[in-house]
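J.: Pasting coords_26.txt below, which is compact mmCIF, C-alpha atoms.
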```
# COMPACT_ATOMS: atom_id res chain seq x y z
CA MET C 1 146.29 135.01 108.22
CA ALA C 2 143.74 136.79 110.36
CA SER C 3 145.09 139.62 112.45
CA LEU C 4 145.78 139.24 116.15
CA ARG C 5 142.83 141.35 117.09
CA ASP C 6 140.44 139.33 114.89
CA ILE C 7 141.53 136.12 116.53
CA GLN C 8 141.23 137.61 119.98
CA SER C 9 137.70 138.75 119.35
CA LYS C 10 136.78 135.31 118.02
CA ILE C 11 138.14 133.75 121.18
CA ASN C 12 136.13 136.12 123.32
CA SER C 13 132.89 135.53 121.49
CA THR C 14 133.36 131.76 121.62
CA LYS C 15 133.98 132.01 125.34
CA LYS C 16 130.70 133.87 125.79
CA THR C 17 128.83 131.29 123.76
CA LYS C 18 130.37 128.62 125.91
CA GLN C 19 129.16 130.30 129.06
CA ILE C 20 125.63 130.32 127.72
CA THR C 21 125.60 126.72 126.54
CA ASN C 22 127.14 125.66 129.81
CA ALA C 23 124.42 127.42 131.77
CA MET C 24 121.73 125.92 129.57
CA GLN C 25 123.18 122.50 130.14
CA MET C 26 122.97 122.93 133.89
CA VAL C 27 119.43 124.29 133.70
CA SER C 28 118.35 121.32 131.61
CA ALA C 29 120.05 118.94 134.00
CA SER C 30 118.04 120.26 136.93
CA LYS C 31 114.85 120.25 134.86
CA LEU C 32 115.56 116.67 133.94
CA THR C 33 115.77 115.71 137.61
CA ARG C 34 112.41 117.34 138.22
CA ALA C 35 110.90 115.68 135.17
CA GLU C 36 112.08 112.30 136.35
CA GLN C 37 110.49 112.95 139.74
CA ASN C 38 107.21 113.88 138.06
CA ALA C 39 107.31 110.72 136.02
CA LYS C 40 107.93 108.74 139.18
CA ALA C 41 105.04 110.41 141.01
CA PHE C 42 102.75 109.37 138.18
CA VAL C 43 103.63 105.67 138.37
CA PRO C 44 101.34 104.67 141.28
CA TYR C 45 98.34 106.25 139.56
CA SER C 46 98.97 104.65 136.20
CA GLU C 47 99.69 101.24 137.66
CA LYS C 48 96.53 101.22 139.72
CA MET C 49 94.51 102.50 136.79
CA GLN C 50 95.90 99.82 134.53
CA GLU C 51 95.15 97.14 137.10
CA VAL C 52 91.53 98.12 137.64
CA VAL C 53 90.77 98.76 133.98
CA SER C 54 92.26 95.49 132.83
CA GLN C 55 90.37 93.55 135.47
CA ILE C 56 87.07 95.07 134.53
CA ALA C 57 87.74 94.64 130.84
CA ALA C 58 88.79 91.03 131.42
CA SER C 59 85.61 90.19 133.29
CA GLY C 60 84.26 89.94 129.78
CA ASP C 61 80.61 90.84 129.86
CA ALA C 62 81.15 94.57 129.56
CA THR C 63 81.81 96.29 126.27
CA HIS C 64 82.60 99.84 125.37
CA PRO C 65 83.31 101.59 122.06
CA MET C 66 86.81 102.42 123.21
CA LEU C 67 87.64 98.73 123.46
CA GLN C 68 86.41 97.87 119.99
CA THR C 69 88.42 98.02 116.83
CA ARG C 70 86.47 99.45 113.94
CA ALA C 71 87.32 99.95 110.28
CA VAL C 72 89.82 102.77 110.07
CA LYS C 73 88.63 105.60 107.86
CA LYS C 74 90.56 108.31 109.58
CA THR C 75 93.60 108.13 111.82
CA GLY C 76 94.50 110.69 114.44
CA TYR C 77 98.14 111.31 115.18
CA LEU C 78 98.98 112.89 118.49
CA VAL C 79 102.48 114.28 118.14
CA ILE C 80 104.41 115.55 121.13
CA THR C 81 107.31 117.90 120.39
CA ALA C 82 108.99 120.71 122.27
CA ASP C 83 108.22 124.42 122.03
CA ARG C 84 111.85 125.34 121.67
CA GLY C 85 114.80 124.05 119.72
CA LEU C 86 118.41 123.69 120.80
CA ALA C 87 117.73 120.11 121.76
CA GLY C 88 119.68 118.21 119.16
CA GLY C 89 117.57 115.87 117.07
CA TYR C 90 114.74 115.82 119.56
CA ASN C 91 112.07 117.53 117.48
CA ASN C 92 113.26 116.47 114.07
CA ASN C 93 113.34 112.80 114.92
CA VAL C 94 109.71 112.75 115.95
CA ILE C 95 108.55 114.89 113.06
CA ARG C 96 110.45 112.85 110.51
CA GLU C 97 109.00 109.63 111.85
CA VAL C 98 105.44 110.98 111.76
CA TYR C 99 105.91 112.40 108.28
CA ARG C 100 107.29 109.12 106.98
CA THR C 101 104.41 107.18 108.50
CA ILE C 102 101.89 109.54 106.99
CA GLN C 103 103.48 109.39 103.55
CA HIS C 104 103.60 105.64 103.78
CA GLN C 105 100.10 104.96 105.03
CA HIS C 106 97.91 107.60 103.51
CA THR C 107 97.22 108.91 100.06
CA SER C 108 94.92 111.81 100.81
CA THR C 109 94.62 114.31 103.64
CA ASP C 110 91.11 113.05 104.37
CA GLU C 111 92.51 109.90 105.87
CA TYR C 112 94.30 111.42 108.80
CA THR C 113 94.53 114.39 111.07
CA VAL C 114 97.18 115.64 113.44
CA ILE C 115 96.87 116.74 117.01
CA ALA C 116 99.97 118.76 117.72
CA ALA C 117 101.37 119.27 121.19
CA GLY C 118 104.35 121.60 121.02
CA ARG C 119 105.24 124.52 118.79
CA PHE C 120 107.78 122.75 116.63
CA GLY C 121 105.39 120.06 115.50
CA ARG C 122 102.58 122.50 114.94
CA ASP C 123 104.71 124.82 112.82
CA PHE C 124 105.98 121.95 110.72
CA PHE C 125 102.55 120.52 109.98
CA LYS C 126 101.15 123.95 109.27
CA LYS C 127 103.96 124.76 106.89
CA ASN C 128 103.47 121.51 105.00
CA ASN C 129 99.70 121.95 104.83
CA LEU C 130 98.87 118.85 106.80
CA PRO C 131 95.51 118.92 108.55
CA ILE C 132 95.74 119.91 112.21
CA ALA C 133 92.68 119.09 114.27
CA LYS C 134 93.87 120.44 117.59
CA GLU C 135 96.97 122.07 118.91
CA ILE C 136 98.43 122.99 122.22
CA ILE C 137 101.56 125.05 122.73
CA GLY C 138 103.24 126.60 125.70
CA LEU C 139 103.12 123.51 127.89
CA PRO C 140 105.24 124.19 130.96
CA ASP C 141 108.46 122.31 131.59
CA GLN C 142 106.92 120.51 134.51
CA PRO C 143 103.36 119.94 133.34
CA ASP C 144 100.50 119.18 135.71
CA PHE C 145 97.72 116.87 134.75
CA ALA C 146 95.48 119.93 134.49
CA ASP C 147 97.68 121.33 131.69
CA ILE C 148 97.09 118.41 129.38
CA LYS C 149 93.61 117.47 130.54
CA GLN C 150 91.72 119.47 127.97
CA ILE C 151 93.52 118.34 124.85
CA ALA C 152 93.58 114.77 126.13
CA SER C 153 89.85 114.66 126.69
CA GLU C 154 89.23 116.36 123.35
CA ALA C 155 91.30 113.70 121.62
CA VAL C 156 89.35 110.97 123.37
CA GLU C 157 86.09 112.67 122.46
CA MET C 158 87.10 112.75 118.80
CA PHE C 159 87.45 109.01 118.95
CA LEU C 160 84.14 108.51 120.73
CA GLU C 161 82.32 110.71 118.24
CA GLU C 162 83.92 108.69 115.43
CA GLU C 163 85.71 111.67 113.95
CA ILE C 164 88.77 109.45 114.09
CA ASP C 165 88.84 105.66 114.21
CA GLU C 166 92.19 105.22 115.82
CA LEU C 167 94.58 107.39 117.76
CA VAL C 168 98.32 106.95 117.48
CA LEU C 169 100.77 108.66 119.77
CA PHE C 170 104.21 109.82 118.64
CA TYR C 171 106.78 110.99 121.15
CA ASN C 172 110.35 110.56 122.34
CA HIS C 173 110.62 107.82 124.90
CA PHE C 174 113.11 108.44 127.67
CA ASN C 175 115.58 105.57 127.90
CA SER C 176 118.30 107.35 129.79
CA ALA C 177 119.92 110.76 129.97
CA ILE C 178 121.87 110.03 126.81
CA SER C 179 119.40 107.95 124.86
CA GLN C 180 115.90 108.79 123.73
CA GLU C 181 114.04 107.03 120.98
CA VAL C 182 111.01 107.91 118.93
CA THR C 183 108.10 105.73 119.94
CA SER C 184 104.74 105.29 118.31
CA GLN C 185 102.00 103.87 120.42
CA LYS C 186 98.50 102.99 119.35
CA LEU C 187 96.40 104.49 122.07
CA LEU C 188 92.85 103.99 120.87
CA PRO C 189 91.09 101.66 120.57
CA LEU C 190 92.42 100.12 123.75
CA THR C 191 93.23 96.64 122.56
CA ASP C 192 96.11 95.50 124.66
CA ILE C 193 94.81 95.72 128.18
CA THR C 194 95.16 92.31 129.68
CA PRO C 195 95.52 91.59 133.37
CA GLU C 196 98.65 90.05 134.76
CA SER C 197 97.85 86.39 134.97
CA GLY C 198 97.20 84.62 138.24
CA ARG C 199 95.67 87.36 140.32
CA SER C 200 92.32 87.94 138.68
CA VAL C 201 90.60 85.30 140.83
CA GLN C 202 91.56 86.97 144.05
CA SER C 203 89.84 90.24 143.37
CA MET C 204 86.53 89.93 141.65
CA TYR C 205 84.87 93.26 142.09
CA GLU C 206 81.39 94.28 142.87
CA PHE C 207 80.46 97.08 140.49
CA GLU C 208 78.49 100.12 141.41
CA PRO C 209 76.34 100.77 139.33
CA ASP C 210 77.54 98.09 136.85
CA ALA C 211 80.62 97.15 134.87
CA GLU C 212 79.48 99.00 131.78
CA GLY C 213 78.71 102.18 133.68
CA ILE C 214 82.15 102.08 135.21
CA LEU C 215 83.91 101.51 131.93
CA LYS C 216 82.13 104.54 130.56
CA VAL C 217 83.68 106.70 133.26
CA LEU C 218 86.94 104.88 133.59
CA LEU C 219 88.15 104.33 130.04
CA PRO C 220 88.29 108.00 129.03
CA GLN C 221 90.18 108.69 132.25
CA TYR C 222 92.49 105.81 131.50
CA ALA C 223 93.21 107.08 127.99
CA GLU C 224 93.80 110.58 129.34
CA SER C 225 96.23 109.24 131.89
CA LEU C 226 98.10 107.40 129.14
CA ILE C 227 98.45 110.64 127.21
CA TYR C 228 99.67 112.40 130.34
CA GLY C 229 102.17 109.60 130.94
CA ALA C 230 103.48 110.00 127.40
CA LEU C 231 103.80 113.74 127.92
CA LEU C 232 105.83 113.28 131.10
CA ASP C 233 108.02 110.81 129.27
CA ALA C 234 108.45 113.23 126.37
CA LYS C 235 109.31 116.11 128.70
CA ALA C 236 111.99 114.07 130.42
CA SER C 237 113.40 113.21 126.99
CA GLU C 238 113.29 116.85 125.95
CA HIS C 239 115.35 117.98 128.92
CA ALA C 240 117.75 115.09 128.48
CA ALA C 241 118.15 115.82 124.78
CA ARG C 242 118.73 119.49 125.45
CA MET C 243 121.25 118.69 128.14
CA THR C 244 123.19 116.40 125.81
CA ALA C 245 123.06 118.91 122.97
CA MET C 246 124.28 121.70 125.21
CA ARG C 247 127.07 119.58 126.61
CA ALA C 248 128.21 118.81 123.07
CA ALA C 249 128.06 122.51 122.24
CA THR C 250 130.16 123.35 125.29
CA ASP C 251 132.71 120.71 124.34
CA ASN C 252 132.88 122.07 120.82
CA ALA C 253 133.34 125.59 122.13
CA ASN C 254 136.23 124.40 124.30
CA GLU C 255 137.87 122.73 121.36
CA ARG C 256 137.47 125.82 119.25
CA ILE C 257 138.89 128.03 121.96
CA ASP C 258 141.95 125.77 122.17
CA ASP C 259 142.45 125.89 118.39
CA LEU C 260 142.04 129.65 118.28
CA THR C 261 144.40 130.15 121.20
CA LEU C 262 147.01 128.10 119.40
CA THR C 263 146.57 130.15 116.24
CA PHE C 264 146.70 133.32 118.28
CA ASN C 265 149.97 132.36 119.93
CA ARG C 266 151.52 131.35 116.62
CA ALA C 267 150.50 134.64 115.09
CA ARG C 268 151.83 136.54 118.09
CA GLN C 269 155.17 134.75 117.90
CA ALA C 270 155.39 135.27 114.18
CA ALA C 271 154.80 138.97 114.69
CA ILE C 272 157.52 139.18 117.36
CA THR C 273 159.97 137.23 115.22
CA GLN C 274 159.28 139.52 112.34
CA GLU C 275 159.79 142.58 114.48
CA ILE C 276 163.11 141.30 115.79
CA SER C 277 164.37 140.44 112.34
CA GLU C 278 163.34 143.88 111.14
CA ILE C 279 165.26 145.54 113.99
CA VAL C 280 168.28 143.33 113.45
CA GLY C 281 168.12 144.01 109.73
CA GLY C 282 167.81 147.74 110.35
CA ALA C 283 170.76 147.74 112.78
CA ALA C 284 172.90 145.76 110.35
CA ALA C 285 172.11 148.21 107.59
CA LEU C 286 173.19 151.14 109.81
CA GLN C 287 176.50 149.47 110.76
CA SER C 288 177.64 148.71 107.26
CA MET R 289 88.30 99.85 166.34
CA SER R 290 89.82 98.27 163.27
CA THR R 291 91.15 100.45 160.51
CA VAL R 292 91.66 100.26 156.78
CA THR R 293 94.61 101.65 154.85
CA THR R 294 93.39 104.35 152.53
CA SER R 295 95.31 106.07 149.80
CA ILE R 296 94.32 108.84 147.43
CA VAL R 297 96.37 108.94 144.25
CA THR R 298 96.41 111.48 141.43
CA PRO R 299 98.47 111.72 138.22
CA ASP R 300 100.59 114.36 139.98
CA GLY R 301 101.44 111.99 142.80
CA PRO R 302 99.93 110.49 145.95
CA VAL R 303 97.94 112.95 148.04
CA LEU R 304 97.28 110.94 151.16
CA GLU R 305 98.03 107.56 152.64
CA ALA R 306 96.91 106.65 156.16
CA ASP R 307 94.73 104.34 158.22
CA TYR R 308 91.10 105.26 158.81
CA GLU R 309 88.12 103.76 160.57
CA MET R 310 85.57 104.80 157.99
CA VAL R 311 85.62 106.39 154.58
CA SER R 312 82.52 108.10 153.19
CA CYS R 313 82.18 109.47 149.71
CA THR R 314 79.61 110.33 147.09
CA ALA R 315 79.42 107.86 144.23
CA GLU R 316 77.41 108.34 141.07
CA ASN R 317 74.58 106.38 142.68
CA GLY R 318 74.66 108.06 146.06
CA GLU R 319 76.47 108.10 149.35
CA LEU R 320 78.82 105.27 150.23
CA GLY R 321 80.29 104.57 153.63
CA ILE R 322 83.08 102.02 153.66
CA LEU R 323 84.21 100.22 156.79
CA PRO R 324 87.16 97.83 157.09
CA GLY R 325 86.52 94.41 155.60
CA HIS R 326 84.25 95.60 152.81
CA ILE R 327 83.88 93.31 149.80
CA PRO R 328 85.87 94.34 146.70
CA LEU R 329 84.07 97.18 144.97
CA VAL R 330 84.66 99.67 142.20
CA ALA R 331 82.56 102.81 141.89
CA PRO R 332 82.99 106.14 140.07
CA LEU R 333 82.82 109.20 142.28
CA LYS R 334 81.10 112.50 141.72
CA VAL R 335 82.90 115.79 142.10
CA SER R 336 82.57 115.76 145.83
CA SER R 337 84.26 115.58 149.18
CA VAL R 338 85.68 112.42 150.64
CA ARG R 339 85.38 112.19 154.41
CA LEU R 340 87.84 110.06 156.29
CA GLN R 341 87.23 109.32 159.96
CA ILE R 342 89.72 108.28 162.59
CA LYS R 343 89.46 108.57 166.39
CA GLY R 344 86.73 111.16 166.33
CA ARG R 345 88.58 113.33 163.81
CA THR R 346 87.41 113.80 160.25
CA ASP R 347 89.68 114.66 157.32
CA TYR R 348 88.18 116.16 154.20
CA VAL R 349 89.53 115.82 150.67
CA ALA R 350 88.02 117.37 147.55
CA VAL R 351 88.16 115.06 144.54
CA SER R 352 87.13 115.37 140.93
CA GLY R 353 87.16 112.86 138.10
CA GLY R 354 87.79 109.95 140.36
CA PHE R 355 86.74 106.49 141.32
CA LEU R 356 86.94 104.29 144.34
CA GLU R 357 88.50 100.87 144.53
CA VAL R 358 87.83 98.87 147.66
CA ARG R 359 89.48 95.71 148.90
CA PRO R 360 88.96 94.17 152.32
CA ASP R 361 92.23 95.59 153.65
CA ARG R 362 92.72 98.56 151.40
CA ILE R 363 90.86 101.48 149.87
CA THR R 364 92.30 103.34 146.89
CA ILE R 365 90.80 106.47 145.44
CA LEU R 366 92.12 107.38 142.02
CA ALA R 367 91.25 110.92 141.04
CA GLN R 368 92.32 113.38 138.39
CA THR R 369 92.59 116.02 141.07
CA ALA R 370 92.47 115.69 144.84
CA GLU R 371 93.22 118.28 147.49
CA SER R 372 92.95 117.96 151.23
CA ALA R 373 91.12 120.76 153.00
CA ALA R 374 94.27 122.49 154.22
CA ASP R 375 95.84 122.59 150.76
CA ILE R 376 92.99 124.34 149.00
CA ASP R 377 93.64 127.87 147.81
CA VAL R 378 90.39 129.54 148.81
CA ASP R 379 91.01 132.73 146.85
CA ARG R 380 91.64 130.80 143.67
CA ALA R 381 88.55 128.71 144.17
CA GLU R 382 86.48 131.86 144.74
CA GLN R 383 87.82 133.35 141.54
CA ALA R 384 87.16 130.16 139.60
CA LYS R 385 83.62 130.16 140.93
CA LYS R 386 83.02 133.75 139.84
CA ARG R 387 84.51 133.05 136.42
CA ALA R 388 82.33 130.02 135.92
CA GLU R 389 79.21 131.87 137.04
CA LYS R 390 79.94 134.68 134.62
CA ARG R 391 80.46 132.26 131.78
CA LEU R 392 77.19 130.54 132.59
CA GLN R 393 75.37 133.84 132.31
CA ASP R 394 76.45 134.83 128.82
CA LYS R 395 75.06 131.90 126.92
CA GLN R 396 77.27 130.59 124.16
CA ALA R 397 77.85 127.21 122.59
CA ASN R 398 76.54 124.16 124.39
CA LEU R 399 79.92 122.68 125.03
CA ASP R 400 81.11 125.77 126.87
CA GLN R 401 78.00 125.65 128.98
CA ILE R 402 78.75 122.13 130.15
CA ARG R 403 82.36 122.98 130.85
CA ALA R 404 81.42 126.06 132.83
CA GLU R 405 78.98 124.02 134.88
CA GLN R 406 81.66 121.46 135.64
CA ALA R 407 84.09 124.18 136.60
CA LEU R 408 81.49 125.74 138.87
CA ASN R 409 80.85 122.37 140.47
CA ARG R 410 84.51 121.89 141.16
CA ALA R 411 84.93 125.35 142.61
CA ILE R 412 81.91 124.99 144.90
CA ASN R 413 83.17 121.59 146.01
CA ARG R 414 86.59 123.01 146.84
CA LEU R 415 85.13 125.86 148.85
CA GLU R 416 82.87 123.46 150.69
CA VAL R 417 85.79 121.25 151.63
CA ALA R 418 88.01 124.19 152.54
CA SER R 419 85.39 125.46 154.98
CA HIS R 420 86.03 122.38 157.13
CA SER R 421 89.64 123.21 157.69
CA ARG R 422 88.83 126.31 159.75
```
Translate this structure into structure tokens?

T.:
Amino acid sequence: MASLRDIQSKINSTKKTKQITNAMQMVSASKLTRAEQNAKAFVPYSEKMQEVVSQIAASGDATHPMLQTRAVKKTGYLVITADRGLAGGYNNNVIREVYRTIQHQHTSTDEYTVIAAGRFGRDFFKKNNLPIAKEIIGLPDQPDFADIKQIASEAVEMFLEEEIDELVLFYNHFNSAISQEVTSQKLLPLTDITPESGRSVQSMYEFEPDAEGILKVLLPQYAESLIYGALLDAKASEHAARMTAMRAATDNANERIDDLTLTFNRARQAAITQEISEIVGGAAALQS
Amino acid sequence: MSTVTTSIVTPDGPVLEADYEMVSCTAENGELGILPGHIPLVAPLKVSSVRLQIKGRTDYVAVSGGFLEVRPDRITILAQTAESAADIDVDRAEQAKKRAEKRLQDKQANLDQIRAEQALNRAINRLEVASHSR
């Protein structure tokens, strides 16, 4: 059995770990609140954008390359991960899903390319020699639109210049504070924009200069806003995942401290008992 | 005088929502002045200032990457960035302007050139709008 002092030092170190995980849990909890607020602030913009884009697209006579499906020679995967670990399965789940999809769908590295947002994803793809077209790391915990703007517009440009023929988004969707699931979303071409039925008659727009000219400006912005929306969603998931992971770690630390304390007390008692019996034995030997 | 509810929305949240008598802005094709009761209209906006008039007062907002959606009772401006005159950080805009000018001078790849020009545009626009707040 380990000595009393060994056990004591184990207890102390576990207590310190617990303090840290506990603090990290609280930090993540407050970041999660902020992230949820950010996501909420984004809703009016995205809803309005969706409404206008779908109405213009539904008016029918306007076409744009971003609305048209073409033969897929090369697929772009935009993968959103975190920069840091300690978030449970957050990063691994996304990466595994992307990797499986790639293995399943493609036979050579010419058929796809990865756009990595987040250090974990980038490192993984680099290590496994998968082609990375673009990367962005060091995204803040509460990203602004300006933070993601550049990589979003570059991704859209790649599609417009036919470097890639479709763009698929992989990220953790935020269901609730305890549940996040890996989601893949086909972003480009924009095929599923349809207006909510029944209200298209009411607002037929005049276009200035014309529908096509507007689509040209609007669709890239729309795609960029979708990417930003996914990033906000992913960030909320990241904080939630980290919070859950840290809570689990704190619980485990508590359990371990209890176990160790029990062992410590047993060992202490055993030592006392032994001492007493030694004294009694010694005294008895003197008397006889 | 009748008014029209106007809101300016960005991905980072709504910037402004209030009633105005007239909204003027610069679309790709030129100046637009919108009064209440305008027919539904959609138009992309340049990097420019939006001027909103109410009771003899004019509010200025700098927008970039935006477009205008008009309905008879409602005007919505969706922009990638939008800042009202009072919120603009003049020092930062000055710095951005200097940076962009410097980048324009040492000629590099084409793409950088375009980006620098856009950045310069935005900075000038911000400074222009900010000058109205004083």

J.: With a distance threshold of 9 Å and counting only C-alpha atoms, extract the residues of chain C near chain R and express them as a ChimeraX atom specification.

T.: /C:38-46,48-49,52,144-146,149,203-211,213-214,217-218,221,225,228-229

J.: Distance CA of Ala177 in chain C-CA of Phe120 in chain C, one decimal place?

T.: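 CA of Phe120 in chain C lies at a distance of 21.7 Å from CA of Ala177 in chain C.
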
J.: Taking only C-alpha atoms into account, which of C:Leu78, C:Ala267, C:Val114, C:Leu32 comes nearest Ala236 in chain C?

T.: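 Result for the nearest residue to Ala236 in chain C: C:Leu32.
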
J.: Skipping near chain neighbours, those fewer than 2 positions away, what residues fall within 7 Å of Ser336 in chain R using all atoms listed in the file, listed as a list of chain:residue names?

T.: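 Listing them by chain and then by number gives R:Thr314, R:Lys334, R:Val338, R:Ala350, R:Val351, R:Ser352, R:Asn413.
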
J.: Any idea what the distance is between CA of Ile257 in chain C and CA of Asp6 in chain C?

T.: 13.4 Å

J.: For Ala384 in chain R, find every residue with an atom within 8 Å (counting all atoms listed in the file), except residues of its own chain fewer than 6 positions away, and show them as a list in words.

T.: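 Using all atoms listed in the file, the neighbours found are Ala407, Leu408 and Ala411 of chain R.
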
J.: Please report the interatomic distance between CA of Ile80 in chain C and CA of Glu163 in chain C in Å with one decimal.

T.: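 Taking CA of Ile80 in chain C and CA of Glu163 in chain C, their separation equals 20.4 Å.
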
J.: Which polymer residues, protein or nucleic acid, are no farther than 10 Å from (114.2, 120.4, 118.8), counting only C-alpha atoms, as a compact mmCIF listing (two decimals) with C-alpha atoms, in the frame of the given file?

T.:
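Here's the written file selection31.txt:
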```
# COMPACT_ATOMS: atom_id res chain seq x y z
CA THR C 81 107.31 117.90 120.39
CA ALA C 82 108.99 120.71 122.27
CA ASP C 83 108.22 124.42 122.03
CA ARG C 84 111.85 125.34 121.67
CA GLY C 85 114.80 124.05 119.72
CA LEU C 86 118.41 123.69 120.80
CA ALA C 87 117.73 120.11 121.76
CA GLY C 88 119.68 118.21 119.16
CA GLY C 89 117.57 115.87 117.07
CA TYR C 90 114.74 115.82 119.56
CA ASN C 91 112.07 117.53 117.48
CA ASN C 92 113.26 116.47 114.07
CA ASN C 93 113.34 112.80 114.92
CA VAL C 94 109.71 112.75 115.95
CA ILE C 95 108.55 114.89 113.06
CA ARG C 119 105.24 124.52 118.79
CA PHE C 120 107.78 122.75 116.63
CA GLY C 121 105.39 120.06 115.50
CA GLU C 238 113.29 116.85 125.95
CA ALA C 241 118.15 115.82 124.78
CA ARG C 242 118.73 119.49 125.45
CA ALA C 245 123.06 118.91 122.97
```

J.: Of the residues C:Ala223, C:Ala35, C:Ala133, C:Val156, which is the one nearest to Val53 in chain C, using only C-alpha atoms?

T.: C:Ala223
